[in-house]
Structures are given as C-alpha cells and as structure tokens.
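This is start-v1.txt (compact mmCIF, C-alpha atoms).
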```
# COMPACT_ATOMS: atom_id res chain seq x y z
CA MET A 25 2.24 -6.89 8.49
CA MET A 26 2.75 -6.38 4.81
CA GLU A 27 5.46 -4.14 3.36
CA ASN A 28 5.10 -2.86 -0.16
CA LYS A 29 6.78 -0.45 -2.52
CA GLN A 30 4.05 2.18 -2.16
CA ALA A 31 4.29 2.15 1.65
CA ASN A 32 8.06 2.59 1.51
CA SER A 33 7.69 5.47 -0.94
CA LEU A 34 5.07 7.13 1.25
CA LYS A 35 7.20 6.85 4.39
CA SER A 36 10.29 8.28 2.73
CA ASP A 37 8.87 11.19 0.71
CA VAL A 38 5.33 12.48 1.29
CA ARG A 39 5.69 15.33 -1.24
CA GLY A 40 6.93 12.94 -3.92
CA TRP A 41 4.17 10.50 -2.96
CA ASN A 42 1.52 13.21 -3.47
CA VAL A 43 2.87 14.04 -6.95
CA TRP A 44 3.00 10.34 -7.89
CA ARG A 45 -0.46 9.70 -6.43
CA ASN A 46 -2.15 12.49 -8.37
CA THR A 47 -0.30 12.40 -11.70
CA ILE A 48 1.57 9.22 -12.49
CA TYR A 49 -0.62 6.75 -10.59
CA GLY A 50 -3.80 8.47 -11.65
CA GLU A 51 -6.41 10.55 -9.89
CA GLY A 52 -9.29 8.55 -8.49
CA LYS A 53 -7.61 5.16 -8.47
CA PRO A 54 -7.67 3.60 -4.99
CA ILE A 55 -4.29 2.69 -3.52
CA GLU A 56 -3.85 -0.57 -1.59
CA LEU A 57 -2.03 -0.15 1.74
CA SER A 58 -3.97 -2.64 3.85
CA PHE A 59 -2.00 -4.52 6.52
CA THR A 60 1.06 -2.27 6.06
CA ASP A 61 3.17 -0.96 8.92
CA LEU A 62 3.19 2.85 8.85
CA SER A 63 3.61 3.26 12.59
CA ARG A 64 5.52 6.37 13.69
CA ALA A 65 5.73 7.53 10.06
CA ASN A 66 5.63 11.24 9.23
CA LEU A 67 2.67 11.36 6.85
CA CYS A 68 1.84 15.01 7.45
CA GLY A 69 -0.20 16.31 4.51
CA ALA A 70 -0.20 12.95 2.70
CA ASP A 71 -2.81 12.41 -0.01
CA LEU A 72 -4.47 9.18 1.05
CA HIS A 73 -7.97 9.87 -0.24
CA ASP A 74 -9.87 6.67 -1.06
CA ALA A 75 -6.86 4.61 0.09
CA ARG A 76 -7.40 1.11 1.40
CA LEU A 77 -5.71 1.07 4.81
CA ARG A 78 -7.61 -1.84 6.35
CA TYR A 79 -5.86 -3.14 9.49
CA ALA A 80 -2.82 -0.94 8.80
CA ARG A 81 -0.52 -0.08 11.70
CA LEU A 82 -0.59 3.70 12.05
CA GLU A 83 0.08 4.03 15.76
CA GLN A 84 1.90 7.25 16.61
CA ALA A 85 1.87 8.26 12.93
CA ASP A 86 1.81 11.98 12.11
CA LEU A 87 -1.23 12.38 9.87
CA HIS A 88 -1.62 16.09 10.60
CA GLY A 89 -3.53 17.65 7.70
CA ALA A 90 -3.64 14.38 5.75
CA ASP A 91 -6.32 13.85 3.10
CA LEU A 92 -8.13 10.70 4.19
CA ARG A 93 -11.43 11.43 2.44
CA GLY A 94 -13.19 8.16 1.71
CA ALA A 95 -10.28 6.10 3.05
CA ASP A 96 -11.03 2.62 4.35
CA LEU A 97 -9.38 2.49 7.78
CA THR A 98 -11.41 -0.48 9.02
CA GLY A 99 -9.55 -2.11 11.90
CA ALA A 100 -6.55 0.22 11.56
CA ASP A 101 -4.46 0.93 14.66
CA LEU A 102 -4.46 4.72 14.99
CA SER A 103 -3.59 4.76 18.68
CA ARG A 104 -1.71 7.92 19.65
CA ALA A 105 -1.78 9.09 16.00
CA ASP A 106 -1.84 12.82 15.25
CA LEU A 107 -4.89 13.42 13.07
CA THR A 108 -5.21 17.15 13.79
CA GLY A 109 -6.75 18.90 10.82
CA ALA A 110 -7.01 15.66 8.84
CA ASP A 111 -9.86 15.34 6.34
CA LEU A 112 -11.85 12.28 7.39
CA ILE A 113 -14.98 13.07 5.39
CA GLY A 114 -16.50 9.75 4.34
CA ALA A 115 -13.69 7.72 5.92
CA ASP A 116 -14.50 4.28 7.34
CA LEU A 117 -13.08 3.97 10.86
CA ARG A 118 -15.15 0.97 11.96
CA GLU A 119 -13.17 -1.33 14.27
CA ALA A 120 -10.29 1.19 14.26
CA ASN A 121 -8.30 1.76 17.45
CA LEU A 122 -8.41 5.51 18.16
CA THR A 123 -7.06 5.30 21.72
CA ASP A 124 -5.37 8.61 22.57
CA ALA A 125 -5.51 9.74 18.91
CA ASP A 126 -5.56 13.52 18.46
CA LEU A 127 -8.55 14.40 16.28
CA ARG A 128 -8.73 18.13 17.01
CA GLU A 129 -9.99 20.10 14.02
CA ALA A 130 -10.33 16.93 11.94
CA LYS A 131 -13.05 17.27 9.31
CA VAL A 132 -15.87 14.73 9.34
CA ASN A 133 -19.43 14.48 8.05
CA GLU A 134 -22.44 12.20 8.31
CA HIS A 135 -20.74 9.70 5.99
CA THR A 136 -17.75 9.22 8.32
CA LYS A 137 -18.12 5.79 9.92
CA TRP A 138 -16.94 5.56 13.54
CA PRO A 139 -15.72 2.54 15.58
CA THR A 140 -18.99 2.38 17.49
CA ALA A 141 -22.43 3.86 16.93
CA ASP A 142 -22.17 5.92 20.11
CA PHE A 143 -18.69 7.29 19.39
CA ASP A 144 -18.55 10.82 20.81
CA PHE A 145 -16.62 12.72 18.16
CA ALA A 146 -18.00 16.06 19.40
CA ALA A 147 -15.92 15.70 22.56
CA LEU A 148 -12.78 15.35 20.42
CA GLY A 149 -13.07 18.76 18.79
CA VAL A 150 -13.61 17.53 15.24
CA THR A 151 -15.23 19.81 12.66
CA THR A 152 -18.35 18.59 10.89
CA ALA A 153 -18.73 19.58 7.26
```
Using the file provided, produce a representation of the structure as structure tokens.
Amino acid sequence: MMENKQANSLKSDVRGWNVWRNTIYGEGKPIELSFTDLSRANLCGADLHDARLRYARLEQADLHGADLRGADLTGADLSRADLTGADLIGADLREANLTDADLREAKVNEHTKWPTADFDFAALGVTTA
C-alpha cells in the first residue's frame, strides 16, 4: 500500500482537507489516492469527488456523507465501510469489495458502476437520483 502526504492530511483533518481540496488544490482537479491505506479512517463528510481511489484500502472507514461523485473506486476494499448518505453518483465501483458495507441512503444514478452487472443496490436502501 502506498502512503502519501494527501492521504495523511485527509486522515488527520477532514475539514482542513475539504478547504485545501476546494481552494488551494483547485476545484475540478482529480486527486490521486490509489493504493493508499485509509482503513478505519474517519472520513465523514470528506470531499473526494473525482478522486482516484483505485485499489485503496477503505475497510471499516467512516465515509458517512462523503462526496464521492465520479470517484474511481475500482478494486477498492470497502468491506464494512460506512457509506450511509454518501454521494456515489457516477462513481466507479467495479471490482470493489462491498462486503457488509452500509450503503443506506447513499445517492446513486445510472452512471454509478457496480462490482457486477446484477448488483442489487435496491436491496441496500440506496437513493437513485
């Protein structure tokens, strides 16, 4: 797993991360967090829209209310992660591990890509936009 300065900043201060992400770093620029270990991190409300989180370790992470619009979560381990109320519109979850993840009230749409074509997101209580 890769550690980087951005991942450490995100884990230690989500509010500061959101300010940095949307002002200093620049709106609309994708952030690279692929292969990072964010397991068990409190990322509640984090702005991770359009982030590259390919094969990231996010097991048991608190992503409640996180902005993951357009995020690339291909192959990410989201097992037992709290994604309640997260915005997953347009997110790519192909090959992701969603075992025991809590997706209640998560927002998705037809552009959200799921681990398998027959993934039953309706049974998880997600909200389609």
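Distances to A:Cys68 were evaluated for A:Thr140, A:Ser103, A:Asn42, A:Asn121 using all atoms listed in the file, and the minimum falls at A:Asn42.
Take atom CA of A:Ala85 and atom CA of A:Thr123: the distance between them is 12.9 Å.
Environment of (-6.3, -1.3, -0.1): residues at most 8 Å away, judged by all atoms listed in the file, are Pro54, Ile55, Glu56, Leu57, Ser58, Ala75, Arg76, Leu77, Arg78 and Asp96 of chain A.
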Legend entry - Contacts of A:Asn28 within 8 Å, all atoms listed in the file, excl. fewer than 3 positions in-chain, as a list in words: Ala31, Asn32, Leu57 and Thr60 of chain A
Legend entry - Point-to-point distance from atom CA of A:Ser36 to atom CA of A:Gly89, Å rounded to tenths: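 About the pair atom CA of A:Ser36 and atom CA of A:Gly89: they are 17.4 Å apart.
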Legend entry - Pairwise distance for atom CA of A:Gln30 and atom CA of A:Leu122, rounded to one decimal in Å: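 These two atoms are separated by 24.1 Å.
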Inset, instruction - Pick out the closest residue to A:Leu107 from this set: A:Val43, A:Leu72, A:Leu127, A:Leu67. Count all atoms listed in the file. - result: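 Checking each candidate against A:Leu107, we get A:Leu127 as the closest.
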Legend entry - Cut-off 8 Å around (-10.7, 10.9, 1.0) with all atoms listed in the file: residues as number ranges by chain: A: 72-75, 91-95, 111-115
Legend entry - Residue contacts of A:Asp101 (10 Å, all atoms listed in the file) excluding same-chain residues fewer than 3 positions away, as number ranges by chain: A: 61-63, 77-85, 97-98, 104-105, 117, 119-123, 125
Legend entry - Among listed residues A:Val132, A:Ala70, A:Ala110, A:Ala65, nearest A:Lys35 (using only C-alpha atoms): A:Ala65
